[in-house]
$ cat start13.pdb   # PDB, C-alpha atoms
ATOM      1  CA  MET Z  23     -21.413  -8.347 -28.682
ATOM      2  CA  ARG Z  24     -22.009  -7.116 -25.147
ATOM      3  CA  VAL Z  25     -19.976  -4.199 -23.806
ATOM      4  CA  PHE Z  26     -20.109  -2.135 -20.626
ATOM      5  CA  GLN Z  27     -19.863   1.524 -21.570
ATOM      6  CA  VAL Z  28     -20.604   5.087 -20.613
ATOM      7  CA  ASP Z  29     -23.033   5.708 -23.421
ATOM      8  CA  THR Z  30     -24.938   9.006 -23.782
ATOM      9  CA  ALA Z  31     -23.617  11.350 -21.072
ATOM     10  CA  TRP Z  32     -20.856  11.468 -18.479
ATOM     11  CA  SER Z  33     -22.356  10.120 -15.253
ATOM     12  CA  ASP Z  34     -22.468   6.975 -13.146
ATOM     13  CA  ASP Z  35     -26.089   6.474 -14.209
ATOM     14  CA  ASN Z  36     -25.028   6.208 -17.849
ATOM     15  CA  LEU Z  37     -22.615   3.336 -17.210
ATOM     16  CA  ARG Z  38     -24.575   0.411 -18.622
ATOM     17  CA  ILE Z  39     -24.477  -2.681 -20.804
ATOM     18  CA  GLY Z  40     -24.720  -2.006 -24.539
ATOM     19  CA  GLU Z  41     -24.306  -3.772 -27.863
ATOM     20  CA  ARG Z  42     -21.669  -3.236 -30.533
ATOM     21  CA  PRO Z  43     -20.833  -5.122 -33.733
ATOM     22  CA  GLU Z  44     -18.413  -7.988 -33.242
ATOM     23  CA  PRO Z  45     -14.986  -6.765 -34.474
ATOM     24  CA  THR Z  46     -12.627  -8.564 -36.878
ATOM     25  CA  ALA Z  47      -8.835  -8.531 -36.763
ATOM     26  CA  GLY Z  48      -7.133  -6.639 -39.591
ATOM     27  CA  PRO Z  49      -3.484  -6.573 -40.720
ATOM     28  CA  GLY Z  50      -1.125  -6.352 -37.754
ATOM     29  CA  GLU Z  51      -3.945  -7.008 -35.313
ATOM     30  CA  VAL Z  52      -5.352  -9.860 -33.247
ATOM     31  CA  ARG Z  53      -8.791 -10.400 -31.795
ATOM     32  CA  LEU Z  54      -9.167 -11.374 -28.153
ATOM     33  CA  LYS Z  55     -12.069 -13.206 -26.617
ATOM     34  CA  MET Z  56     -11.962 -11.474 -23.260
ATOM     35  CA  LEU Z  57     -11.808 -13.712 -20.208
ATOM     36  CA  ALA Z  58     -11.624 -11.325 -17.258
ATOM     37  CA  SER Z  59     -11.147  -7.681 -16.315
ATOM     38  CA  ALA Z  60     -10.005  -5.928 -13.133
ATOM     39  CA  LEU Z  61     -10.820  -2.618 -11.494
ATOM     40  CA  ASN Z  62      -8.604   0.286 -10.484
ATOM     41  CA  TYR Z  63      -9.396   3.489  -8.602
ATOM     42  CA  ARG Z  64      -9.284   5.443 -11.867
ATOM     43  CA  ASP Z  65     -12.333   3.489 -13.044
ATOM     44  CA  LEU Z  66     -14.457   5.261 -10.432
ATOM     45  CA  LEU Z  67     -13.531   8.612 -12.013
ATOM     46  CA  VAL Z  68     -13.991   7.710 -15.679
ATOM     47  CA  PRO Z  69     -17.839   7.734 -15.838
ATOM     48  CA  ARG Z  70     -17.769  11.280 -14.418
ATOM     49  CA  ARG Z  71     -15.246  12.421 -17.037
ATOM     50  CA  GLY Z  72     -12.664  12.643 -14.320
ATOM     51  CA  TYR Z  73      -9.769  12.942 -16.775
ATOM     52  CA  GLY Z  74     -11.222  15.883 -18.676
ATOM     53  CA  SER Z  75     -11.063  16.750 -22.348
ATOM     54  CA  ARG Z  76      -8.405  14.158 -23.182
ATOM     55  CA  MET Z  77     -11.007  11.395 -22.806
ATOM     56  CA  LYS Z  78     -12.541   9.606 -25.793
ATOM     57  CA  THR Z  79     -15.879  10.898 -27.004
ATOM     58  CA  LEU Z  80     -18.853   8.796 -25.949
ATOM     59  CA  PRO Z  81     -19.657   5.975 -25.994
ATOM     60  CA  LEU Z  82     -16.601   4.718 -24.084
ATOM     61  CA  ILE Z  83     -16.004   1.094 -23.104
ATOM     62  CA  VAL Z  84     -14.610   1.155 -19.566
ATOM     63  CA  LEU Z  85     -11.743  -0.443 -17.574
ATOM     64  CA  SER Z  86      -8.058  -0.610 -18.380
ATOM     65  CA  ASP Z  87      -7.232  -4.092 -17.059
ATOM     66  CA  GLY Z  88      -8.064  -7.375 -18.732
ATOM     67  CA  VAL Z  89      -6.896 -10.672 -20.166
ATOM     68  CA  GLY Z  90      -8.130 -12.489 -23.242
ATOM     69  CA  ARG Z  91      -7.422 -15.469 -25.462
ATOM     70  CA  ILE Z  92      -6.530 -14.841 -29.106
ATOM     71  CA  ASP Z  93      -9.124 -16.256 -31.499
ATOM     72  CA  GLN Z  94      -8.181 -14.379 -34.701
ATOM     73  CA  VAL Z  95      -4.752 -13.387 -36.007
ATOM     74  CA  GLY Z  96      -4.465 -10.740 -38.725
ATOM     75  CA  ARG Z  97      -2.105 -10.773 -41.663
ATOM     76  CA  GLY Z  98       1.504  -9.975 -40.784
ATOM     77  CA  VAL Z  99       1.323 -11.040 -37.128
ATOM     78  CA  ASP Z 100       4.031 -13.584 -36.286
ATOM     79  CA  ALA Z 101       4.544 -13.079 -32.540
ATOM     80  CA  TYR Z 102       1.216 -14.607 -31.425
ATOM     81  CA  ARG Z 103      -0.973 -17.577 -32.306
ATOM     82  CA  ILE Z 104      -4.599 -18.530 -31.851
ATOM     83  CA  GLY Z 105      -5.073 -19.761 -28.294
ATOM     84  CA  ASP Z 106      -2.400 -17.534 -26.702
ATOM     85  CA  ARG Z 107      -3.507 -15.802 -23.504
ATOM     86  CA  VAL Z 108      -2.457 -12.149 -23.419
ATOM     87  CA  CYS Z 109      -3.126  -8.805 -21.781
ATOM     88  CA  PRO Z 110      -3.683  -5.584 -23.716
ATOM     89  CA  LEU Z 111      -1.165  -3.013 -22.477
ATOM     90  CA  PHE Z 112      -2.434  -0.023 -20.478
ATOM     91  CA  PHE Z 113      -0.619   2.427 -22.786
ATOM     92  CA  SER Z 114      -0.941   1.452 -26.426
ATOM     93  CA  SER Z 115       1.693   4.056 -27.347
ATOM     94  CA  TRP Z 116       4.462   3.194 -24.841
ATOM     95  CA  PRO Z 117       6.304   0.052 -25.948
ATOM     96  CA  ALA Z 118       9.617   0.842 -24.209
ATOM     97  CA  GLY Z 119      11.937   3.582 -22.985
ATOM     98  CA  ASP Z 120      11.298   6.682 -20.934
ATOM     99  CA  PRO Z 121       7.885   8.351 -20.612
ATOM    100  CA  SER Z 122       6.995  11.092 -23.081
ATOM    101  CA  ALA Z 123       3.902  13.030 -24.100
ATOM    102  CA  ASP Z 124       3.286  10.582 -26.943
ATOM    103  CA  HIS Z 125       3.842   7.527 -24.731
ATOM    104  CA  LEU Z 126       1.274   8.738 -22.181
ATOM    105  CA  SER Z 127      -1.375   9.807 -24.673
ATOM    106  CA  HIS Z 128      -3.415   6.625 -25.248
ATOM    107  CA  SER Z 129      -4.611   4.573 -22.272
ATOM    108  CA  LEU Z 130      -7.311   1.925 -22.190
ATOM    109  CA  GLY Z 131     -10.677   2.933 -20.784
ATOM    110  CA  CYS Z 132      -9.913   6.648 -21.115
ATOM    111  CA  GLU Z 133      -8.559   7.921 -24.452
ATOM    112  CA  ILE Z 134      -9.432   4.611 -26.142
ATOM    113  CA  ASP Z 135     -11.991   1.887 -25.454
ATOM    114  CA  GLY Z 136     -11.230  -0.446 -22.578
ATOM    115  CA  THR Z 137     -11.549  -4.109 -21.678
ATOM    116  CA  MET Z 138     -15.222  -4.537 -20.707
ATOM    117  CA  ALA Z 139     -16.235  -6.125 -23.996
ATOM    118  CA  GLU Z 140     -16.761  -9.686 -25.135
ATOM    119  CA  TYR Z 141     -14.164  -9.174 -27.875
ATOM    120  CA  MET Z 142     -11.326  -6.699 -28.406
ATOM    121  CA  VAL Z 143      -9.285  -6.111 -31.557
ATOM    122  CA  VAL Z 144      -5.814  -4.981 -30.556
ATOM    123  CA  PRO Z 145      -2.597  -4.228 -32.478
ATOM    124  CA  ALA Z 146      -0.129  -7.034 -31.822
ATOM    125  CA  SER Z 147       2.336  -4.417 -30.558
ATOM    126  CA  MET Z 148      -0.113  -3.565 -27.771
ATOM    127  CA  LEU Z 149      -0.077  -7.036 -26.196
ATOM    128  CA  ALA Z 150       1.991  -9.025 -23.721
ATOM    129  CA  SER Z 151       1.832 -12.708 -22.774
ATOM    130  CA  VAL Z 152       0.874 -13.616 -19.218
ATOM    131  CA  PRO Z 153       2.481 -16.151 -16.848
ATOM    132  CA  ALA Z 154       0.977 -19.583 -17.473
ATOM    133  CA  HIS Z 155       0.409 -20.402 -13.786
ATOM    134  CA  LEU Z 156      -1.993 -17.495 -13.211
ATOM    135  CA  GLU Z 157      -5.761 -17.929 -13.285
ATOM    136  CA  ASP Z 158      -7.686 -15.589 -15.592
ATOM    137  CA  ALA Z 159      -8.748 -13.190 -12.827
ATOM    138  CA  GLU Z 160      -5.179 -13.040 -11.514
ATOM    139  CA  ALA Z 161      -3.769 -12.355 -14.972
ATOM    140  CA  ALA Z 162      -6.327  -9.584 -15.535
ATOM    141  CA  THR Z 163      -4.853  -7.574 -12.648
ATOM    142  CA  LEU Z 164      -1.429  -7.111 -14.240
ATOM    143  CA  PRO Z 165      -1.573  -4.229 -16.791
ATOM    144  CA  THR Z 166      -2.208  -1.309 -14.407
ATOM    145  CA  ALA Z 167      -1.569  -1.932 -10.700
ATOM    146  CA  ALA Z 168       1.149  -4.546 -11.149
ATOM    147  CA  VAL Z 169       3.078  -2.599 -13.801
ATOM    148  CA  THR Z 170       2.756   0.556 -11.684
ATOM    149  CA  ALA Z 171       4.265  -1.221  -8.681
ATOM    150  CA  TRP Z 172       6.990  -2.786 -10.858
ATOM    151  CA  ARG Z 173       7.906   0.588 -12.354
ATOM    152  CA  ALA Z 174       8.078   2.112  -8.849
ATOM    153  CA  ILE Z 175      10.024  -0.686  -7.163
ATOM    154  CA  VAL Z 176      12.232  -1.967  -9.985
ATOM    155  CA  THR Z 177      12.518   0.313 -13.031
ATOM    156  CA  GLU Z 178      12.606   3.652 -11.194
ATOM    157  CA  GLY Z 179      13.184   2.594  -7.588
ATOM    158  CA  ARG Z 180      16.012   0.110  -8.168
ATOM    159  CA  VAL Z 181      15.210  -1.553  -4.846
ATOM    160  CA  LYS Z 182      17.883  -4.041  -3.810
ATOM    161  CA  PRO Z 183      18.371  -6.686  -1.112
ATOM    162  CA  GLY Z 184      18.559  -5.110   2.332
ATOM    163  CA  ASP Z 185      16.545  -1.990   1.433
ATOM    164  CA  THR Z 186      13.479  -1.014   3.454
ATOM    165  CA  VAL Z 187      10.293  -0.191   1.564
ATOM    166  CA  LEU Z 188       7.148   1.375   3.028
ATOM    167  CA  VAL Z 189       3.838   0.697   1.262
ATOM    168  CA  GLN Z 190       0.640   2.561   2.053
ATOM    169  CA  GLY Z 191      -2.544   0.552   2.385
ATOM    170  CA  THR Z 192      -3.595  -2.830   1.051
ATOM    171  CA  GLY Z 193      -4.995  -2.008  -2.377
ATOM    172  CA  GLY Z 194      -3.704  -3.419  -5.632
ATOM    173  CA  VAL Z 195      -0.592  -1.282  -6.132
ATOM    174  CA  ALA Z 196       0.446  -1.536  -2.477
ATOM    175  CA  LEU Z 197       0.217  -5.328  -2.351
ATOM    176  CA  PHE Z 198       2.023  -5.745  -5.678
ATOM    177  CA  ALA Z 199       4.745  -3.430  -4.360
ATOM    178  CA  LEU Z 200       4.963  -5.505  -1.174
ATOM    179  CA  GLN Z 201       5.329  -8.713  -3.193
ATOM    180  CA  PHE Z 202       7.896  -7.296  -5.615
ATOM    181  CA  ALA Z 203       9.958  -5.765  -2.801
ATOM    182  CA  LYS Z 204      10.034  -9.093  -0.953
ATOM    183  CA  MET Z 205      10.978 -10.822  -4.214
ATOM    184  CA  LEU Z 206      14.006  -8.512  -4.337
ATOM    185  CA  GLY Z 207      15.038  -9.215  -0.740
ATOM    186  CA  ALA Z 208      13.828  -5.975   0.839
ATOM    187  CA  THR Z 209      12.240  -5.381   4.242
ATOM    188  CA  VAL Z 210       8.660  -4.090   3.938
ATOM    189  CA  ILE Z 211       6.635  -1.886   6.291
ATOM    190  CA  CYS Z 212       2.883  -1.681   5.547
ATOM    191  CA  THR Z 213       0.395   0.913   6.813
ATOM    192  CA  SER Z 214      -3.390   0.545   7.019
ATOM    193  CA  SER Z 215      -6.351   1.674   9.097
ATOM    194  CA  SER Z 216      -7.403  -1.956   9.658
ATOM    195  CA  ASP Z 217      -5.643  -4.336  12.036
ATOM    196  CA  GLU Z 218      -7.229  -7.257  10.208
ATOM    197  CA  LYS Z 219      -5.783  -6.094   6.878
ATOM    198  CA  LEU Z 220      -2.395  -5.586   8.514
ATOM    199  CA  LYS Z 221      -2.537  -9.157   9.784
ATOM    200  CA  ARG Z 222      -3.152 -10.329   6.220
ATOM    201  CA  ALA Z 223      -0.304  -8.125   4.956
ATOM    202  CA  ARG Z 224       2.035  -9.842   7.406
ATOM    203  CA  ALA Z 225       0.914 -13.226   6.095
ATOM    204  CA  LEU Z 226       1.808 -11.961   2.621
ATOM    205  CA  GLY Z 227       5.319 -11.044   3.744
ATOM    206  CA  ALA Z 228       5.220  -7.613   5.422
ATOM    207  CA  ASP Z 229       7.912  -7.432   8.108
ATOM    208  CA  ASP Z 230       6.387  -4.577  10.126
ATOM    209  CA  THR Z 231       2.974  -2.913  10.144
ATOM    210  CA  ILE Z 232       1.523   0.373  11.395
ATOM    211  CA  ASN Z 233      -2.129   1.275  11.961
ATOM    212  CA  TYR Z 234      -2.193   4.918  10.911
ATOM    213  CA  LEU Z 235      -5.441   5.626  12.800
ATOM    214  CA  SER Z 236      -4.007   4.616  16.156
ATOM    215  CA  THR Z 237      -0.577   6.026  15.192
ATOM    216  CA  PRO Z 238      -1.180   9.316  13.314
ATOM    217  CA  GLU Z 239       2.542  10.210  13.423
ATOM    218  CA  TRP Z 240       3.444   6.993  11.653
ATOM    219  CA  GLY Z 241       6.310   8.595   9.734
ATOM    220  CA  ARG Z 242       8.492   8.762  12.828
ATOM    221  CA  VAL Z 243       7.550   5.207  13.794
ATOM    222  CA  ALA Z 244       8.493   3.922  10.334
ATOM    223  CA  ARG Z 245      11.796   5.795  10.516
ATOM    224  CA  ASP Z 246      12.567   4.106  13.842
ATOM    225  CA  MET Z 247      11.618   0.702  12.409
ATOM    226  CA  ALA Z 248      14.225   1.338   9.711
ATOM    227  CA  GLY Z 249      17.026   1.700  12.229
ATOM    228  CA  GLY Z 250      16.394   5.357  12.991
ATOM    229  CA  VAL Z 251      17.694   6.586   9.625
ATOM    230  CA  GLY Z 252      14.492   6.168   7.631
ATOM    231  CA  VAL Z 253      13.212   3.902   4.876
ATOM    232  CA  ASP Z 254      14.844   3.721   1.462
ATOM    233  CA  HIS Z 255      11.642   3.864  -0.570
ATOM    234  CA  VAL Z 256       8.030   4.922   0.032
ATOM    235  CA  VAL Z 257       5.184   3.834  -2.252
ATOM    236  CA  GLU Z 258       2.998   6.928  -1.819
ATOM    237  CA  VAL Z 259      -0.689   6.519  -2.770
ATOM    238  CA  GLY Z 260      -2.337   9.080  -0.480
ATOM    239  CA  GLY Z 261      -0.963  12.392  -1.675
ATOM    240  CA  GLN Z 262      -1.921  15.473   0.310
ATOM    241  CA  GLY Z 263      -2.953  13.599   3.452
ATOM    242  CA  THR Z 264       0.021  11.254   3.671
ATOM    243  CA  LEU Z 265       3.005  12.932   1.991
ATOM    244  CA  PRO Z 266       4.070  14.842   5.146
ATOM    245  CA  GLN Z 267       4.399  11.543   7.026
ATOM    246  CA  SER Z 268       6.188   9.913   4.090
ATOM    247  CA  LEU Z 269       8.753  12.724   4.170
ATOM    248  CA  ARG Z 270       9.358  11.998   7.852
ATOM    249  CA  ALA Z 271       9.681   8.266   7.149
ATOM    250  CA  VAL Z 272      12.110   8.384   4.205
ATOM    251  CA  ARG Z 273      15.859   8.518   4.744
ATOM    252  CA  PRO Z 274      18.118  11.262   3.370
ATOM    253  CA  GLY Z 275      18.715  10.392  -0.270
ATOM    254  CA  GLY Z 276      15.693   8.095  -0.340
ATOM    255  CA  THR Z 277      12.892   7.910  -2.898
ATOM    256  CA  ILE Z 278       9.157   8.551  -2.675
ATOM    257  CA  SER Z 279       7.205   7.110  -5.604
ATOM    258  CA  MET Z 280       4.094   9.275  -5.984
ATOM    259  CA  ILE Z 281       1.432   7.002  -7.439
ATOM    260  CA  GLY Z 282      -1.933   8.177  -6.135
ATOM    261  CA  VAL Z 283      -3.710  11.095  -4.498
ATOM    262  CA  LEU Z 284      -6.427   9.244  -2.605
ATOM    263  CA  ALA Z 285      -6.099  11.605   0.381
ATOM    264  CA  GLY Z 286      -6.026  14.841  -1.618
ATOM    265  CA  SER Z 287      -4.364  16.208  -4.744
ATOM    266  CA  VAL Z 288      -2.985  19.528  -3.462
ATOM    267  CA  MET Z 289       0.689  19.786  -2.435
ATOM    268  CA  ASP Z 290       0.634  20.444   1.316
ATOM    269  CA  ALA Z 291       3.935  19.231   2.715
ATOM    270  CA  PRO Z 292       7.179  20.664   4.170
ATOM    271  CA  LEU Z 293       9.100  20.940   0.913
ATOM    272  CA  GLY Z 294      12.252  21.922   2.766
ATOM    273  CA  LEU Z 295      12.556  18.260   3.762
ATOM    274  CA  VAL Z 296      12.729  17.313   0.095
ATOM    275  CA  VAL Z 297      15.545  19.771  -0.567
ATOM    276  CA  THR Z 298      17.649  19.585   2.583
ATOM    277  CA  ARG Z 299      17.474  15.791   2.789
ATOM    278  CA  HIS Z 300      18.039  15.226  -0.930
ATOM    279  CA  VAL Z 301      14.811  13.221  -1.311
ATOM    280  CA  ARG Z 302      13.789  12.052  -4.759
ATOM    281  CA  LEU Z 303      10.053  12.600  -5.373
ATOM    282  CA  GLN Z 304       9.212  10.453  -8.408
ATOM    283  CA  GLY Z 305       5.866  10.480 -10.193
ATOM    284  CA  ILE Z 306       4.718   7.105 -11.543
ATOM    285  CA  THR Z 307       1.986   6.566 -14.150
ATOM    286  CA  VAL Z 308       1.866   2.820 -14.874
ATOM    287  CA  GLY Z 309       4.708   1.868 -17.262
ATOM    288  CA  SER Z 310       5.767   0.549 -20.650
ATOM    289  CA  GLY Z 311       5.306  -2.699 -22.513
ATOM    290  CA  GLU Z 312       8.939  -3.449 -21.700
ATOM    291  CA  ASP Z 313       8.096  -3.116 -17.991
ATOM    292  CA  PHE Z 314       5.217  -5.582 -18.400
ATOM    293  CA  VAL Z 315       7.393  -8.185 -20.107
ATOM    294  CA  ALA Z 316      10.122  -7.976 -17.449
ATOM    295  CA  MET Z 317       7.540  -8.117 -14.663
ATOM    296  CA  ALA Z 318       5.716 -11.098 -16.174
ATOM    297  CA  ARG Z 319       9.015 -12.968 -16.498
ATOM    298  CA  ALA Z 320       9.777 -12.344 -12.807
ATOM    299  CA  ILE Z 321       6.279 -13.443 -11.759
ATOM    300  CA  ALA Z 322       6.573 -16.631 -13.822
ATOM    301  CA  ARG Z 323       9.961 -17.528 -12.371
ATOM    302  CA  SER Z 324       8.978 -16.810  -8.763
ATOM    303  CA  GLY Z 325       5.501 -18.345  -8.910
ATOM    304  CA  MET Z 326       4.060 -15.187  -7.339
ATOM    305  CA  ARG Z 327       0.264 -14.848  -7.411
ATOM    306  CA  PRO Z 328      -1.643 -11.552  -7.374
ATOM    307  CA  VAL Z 329      -4.027 -11.028  -4.473
ATOM    308  CA  VAL Z 330      -7.634 -11.142  -5.676
ATOM    309  CA  ASP Z 331     -10.221  -9.886  -3.206
ATOM    310  CA  ARG Z 332     -13.408 -10.868  -5.063
ATOM    311  CA  VAL Z 333     -14.619 -11.814  -8.550
ATOM    312  CA  PHE Z 334     -17.917 -10.418  -9.892
ATOM    313  CA  GLU Z 335     -19.868 -11.423 -13.000
ATOM    314  CA  PHE Z 336     -19.918  -9.203 -16.115
ATOM    315  CA  ALA Z 337     -23.333  -7.684 -15.383
ATOM    316  CA  GLN Z 338     -22.279  -6.886 -11.808
ATOM    317  CA  LEU Z 339     -19.799  -4.148 -12.744
ATOM    318  CA  PRO Z 340     -21.741  -1.451 -10.819
ATOM    319  CA  GLU Z 341     -21.712  -3.637  -7.691
ATOM    320  CA  ALA Z 342     -17.978  -4.248  -8.158
ATOM    321  CA  MET Z 343     -17.378  -0.503  -8.393
ATOM    322  CA  HIS Z 344     -19.376   0.100  -5.208
ATOM    323  CA  HIS Z 345     -17.233  -2.513  -3.469
ATOM    324  CA  LEU Z 346     -14.086  -0.733  -4.685
ATOM    325  CA  ALA Z 347     -15.398   2.654  -3.503
ATOM    326  CA  SER Z 348     -16.179   1.231  -0.049
ATOM    327  CA  GLY Z 349     -12.506   0.529   0.645
ATOM    328  CA  ARG Z 350     -13.314  -2.837   2.214
ATOM    329  CA  HIS Z 351     -11.283  -4.793  -0.324
ATOM    330  CA  PHE Z 352      -7.863  -6.391   0.193
ATOM    331  CA  GLY Z 353      -6.136  -6.652  -3.168
ATOM    332  CA  LYS Z 354      -7.804  -6.573  -6.563
ATOM    333  CA  ILE Z 355     -11.474  -6.692  -7.577
ATOM    334  CA  CYS Z 356     -12.093  -8.613 -10.797
ATOM    335  CA  ILE Z 357     -14.830  -9.256 -13.360
ATOM    336  CA  ARG Z 358     -15.439 -12.630 -14.983
ATOM    337  CA  HIS Z 359     -16.507 -12.363 -18.648
TER     338      HIS Z 359
END

$ encode --input "start13.pdb" --output "structure tokens"
Amino acid sequence: MRVFQVDTAWSDDNLRIGERPEPTAGPGEVRLKMLASALNYRDLLVPRRGYGSRMKTLPLIVLSDGVGRIDQVGRGVDAYRIGDRVCPLFFSSWPAGDPSADHLSHSLGCEIDGTMAEYMVVPASMLASVPAHLEDAEAATLPTAAVTAWRAIVTEGRVKPGDTVLVQGTGGVALFALQFAKMLGATVICTSSSDEKLKRARALGADDTINYLSTPEWGRVARDMAGGVGVDHVVEVGGQGTLPQSLRAVRPGGTISMIGVLAGSVMDAPLGLVVTRHVRLQGITVGSGEDFVAMARAIARSGMRPVVDRVFEFAQLPEAMHHLASGRHFGKICIRH
């Protein structure tokens, strides 16, 4: 079967199509014929061994997001049937509960092989069903960005009707967070460097928008938009370059969900604002299988659809990754198998 893998050495040049034997489902396992995959920022780092010694030895099949249809069911599996459409979970070792070292130790496309293969054999405990109304590319976006946003907004953030949520940018996590916050009855402020993207964010439900290039001190503006007291929750994806403004935007007692470090990974912010204003700074690394199931149920009931920017063919993975790196996308970038 065809796979896309980092094969002989850690580098972008060694990310290429390869061949592996077609796998067979064993006891407690199912085999998926993969239908689509989706990209995340982490996938740009993986070929360069961006996650260090914890990563699987080469060759490594890449990407953490995907959806497939079950075509083999191993002995002892009762929860799924041939023909079911499912997603492999990002963390194979985190079915439910709070994060722990064990729960965070096995992620797709990093410590274990990922979704860019024609077939995957997966333990039945590592799967979750997807909402029936979603197209394959839409369903493929759920395991990483969507669960991350759900964990930030719902599981950890406990956003409620009337809250104000600020989301940074218009990538996958930000747009999922926007959609989930609106689903819960919150007001959403969205930041971006592109007026065109902000216009699209408004069409998706954003109540207020800020161009952070024309308004560098956007934290104060966001605080004023939230009645002068600050926003209840910030979905923080920038890190070093944006955290100081997030601290100015958030209200006393509010929460900042730290999800990404796209603008730098070093802590460079007035930490006194965290202490004196009783701000909760919460790290988020995707979520559990339980989070996925709850999220999928909410998506199915609401009819929500993920935002897909563009769909590439299997052999076009390098082009898809270049598109992701360019920052021109709005929403998720997907791969058709």

$ atom_distance --input "start13.pdb" --atom1 "CA of His255 in chain Z" --atom2 "CA of Val187 in chain Z"
4.8 Å

$ atom_distance --input "start13.pdb" --atom1 "CA of Ala150 in chain Z" --atom2 "CA of Val195 in chain Z"
19.4 Å

$ closest_residue --input "start13.pdb" --among "Z:Ala271, Z:Ala118, Z:Leu54, Z:Ala60" --to "Asp246 in chain Z" --atoms "only C-alpha atoms"
Z:Ala271

$ closest_residue --input "start13.pdb" --among "Z:Thr186, Z:Val28, Z:Arg76, Z:Leu111" --to "Met247 in chain Z" --atoms "all atoms listed in the file"
Z:Thr186

$ residues_around --input "start13.pdb" --residues "range 159-162 of chain Z" --least-positions-apart "5" --cutoff "6 Å" --atoms "all atoms listed in the file" --output "list in words"
Ala58, Ser59, Ala60, Asp87, Gly88, Val89 and Pro328 of chain Z

$ atom_distance --input "start13.pdb" --atom1 "CA of Tyr234 in chain Z" --atom2 "CA of Gln190 in chain Z"
9.6 Å

$ resolve_selection --input "start13.pdb" --expression "the PyMOL selection byres ((chain Z and resi 258) around 8)" --output "list in words"
Val189, Gln190, Val256, Val257, Val259, Gly260, Gly261, Thr264, Leu265, Ser268, Ile278, Ser279, Met280, Ile281 and Gly282 of chain Z

$ residues_around --input "start13.pdb" --residues "Glu178 in chain Z" --least-positions-apart "6" --cutoff "12 Å" --atoms "all atoms listed in the file" --output "list in words"
Gly119, Asp120, Pro121, Val169, Thr170, Ala171, Trp172, His255, Val257, Thr277, Ile278, Ser279, Met280, Arg302, Leu303, Gln304, Gly305, Ile306, Thr307, Val308, Gly309 and Asp313 of chain Z

$ resolve_selection --input "start13.pdb" --expression "the PyMOL selection byres ((chain Z and resi 176) around 10)" --output "list in words"
Val169, Thr170, Ala171, Trp172, Arg173, Ala174, Ile175, Thr177, Glu178, Gly179, Arg180, Val181, Lys182, Ala199, Phe202, Ala203, Leu206, Asp313, Ala316 and Met317 of chain Z

$ closest_residue --input "start13.pdb" --among "Z:Thr298, Z:Asn62, Z:Thr46, Z:Ser348" --to "Pro274 in chain Z" --atoms "all atoms listed in the file"
Z:Thr298

$ decode --input "start13.pdb" --residues "range 78-105 of chain Z" --atoms "C-alpha atoms" --output "PDB file, in the first residue's frame"
ATOM      1  CA  LYS Z  78       9.146   7.254  16.526  1.00  0.00           C
ATOM      2  CA  THR Z  79      12.232   5.913  14.807  1.00  0.00           C
ATOM      3  CA  LEU Z  80      12.167   6.190  11.026  1.00  0.00           C
ATOM      4  CA  PRO Z  81      10.354   5.519   8.820  1.00  0.00           C
ATOM      5  CA  LEU Z  82       7.400   7.514  10.188  1.00  0.00           C
ATOM      6  CA  ILE Z  83       4.036   7.861   8.451  1.00  0.00           C
ATOM      7  CA  VAL Z  84       2.979  11.489   8.878  1.00  0.00           C
ATOM      8  CA  LEU Z  85      -0.149  13.476   9.887  1.00  0.00           C
ATOM      9  CA  SER Z  86      -2.355  13.102  12.929  1.00  0.00           C
ATOM     10  CA  ASP Z  87      -5.766  13.835  11.385  1.00  0.00           C
ATOM     11  CA  GLY Z  88      -7.800  11.489   9.236  1.00  0.00           C
ATOM     12  CA  VAL Z  89     -11.028   9.612   8.641  1.00  0.00           C
ATOM     13  CA  GLY Z  90     -11.523   6.124   7.272  1.00  0.00           C
ATOM     14  CA  ARG Z  91     -14.161   3.486   6.644  1.00  0.00           C
ATOM     15  CA  ILE Z  92     -13.863   0.159   8.463  1.00  0.00           C
ATOM     16  CA  ASP Z  93     -13.302  -2.752   6.081  1.00  0.00           C
ATOM     17  CA  GLN Z  94     -12.059  -5.408   8.546  1.00  0.00           C
ATOM     18  CA  VAL Z  95     -13.137  -6.082  12.127  1.00  0.00           C
ATOM     19  CA  GLY Z  96     -10.931  -8.199  14.391  1.00  0.00           C
ATOM     20  CA  ARG Z  97     -12.080 -10.786  16.879  1.00  0.00           C
ATOM     21  CA  GLY Z  98     -13.603  -9.345  20.048  1.00  0.00           C
ATOM     22  CA  VAL Z  99     -14.668  -6.003  18.555  1.00  0.00           C
ATOM     23  CA  ASP Z 100     -18.371  -5.334  19.148  1.00  0.00           C
ATOM     24  CA  ALA Z 101     -18.576  -1.526  19.069  1.00  0.00           C
ATOM     25  CA  TYR Z 102     -17.976  -1.125  15.310  1.00  0.00           C
ATOM     26  CA  ARG Z 103     -19.035  -2.805  12.078  1.00  0.00           C
ATOM     27  CA  ILE Z 104     -17.740  -2.977   8.534  1.00  0.00           C
ATOM     28  CA  GLY Z 105     -18.762   0.202   6.734  1.00  0.00           C
TER      29      GLY Z 105
END
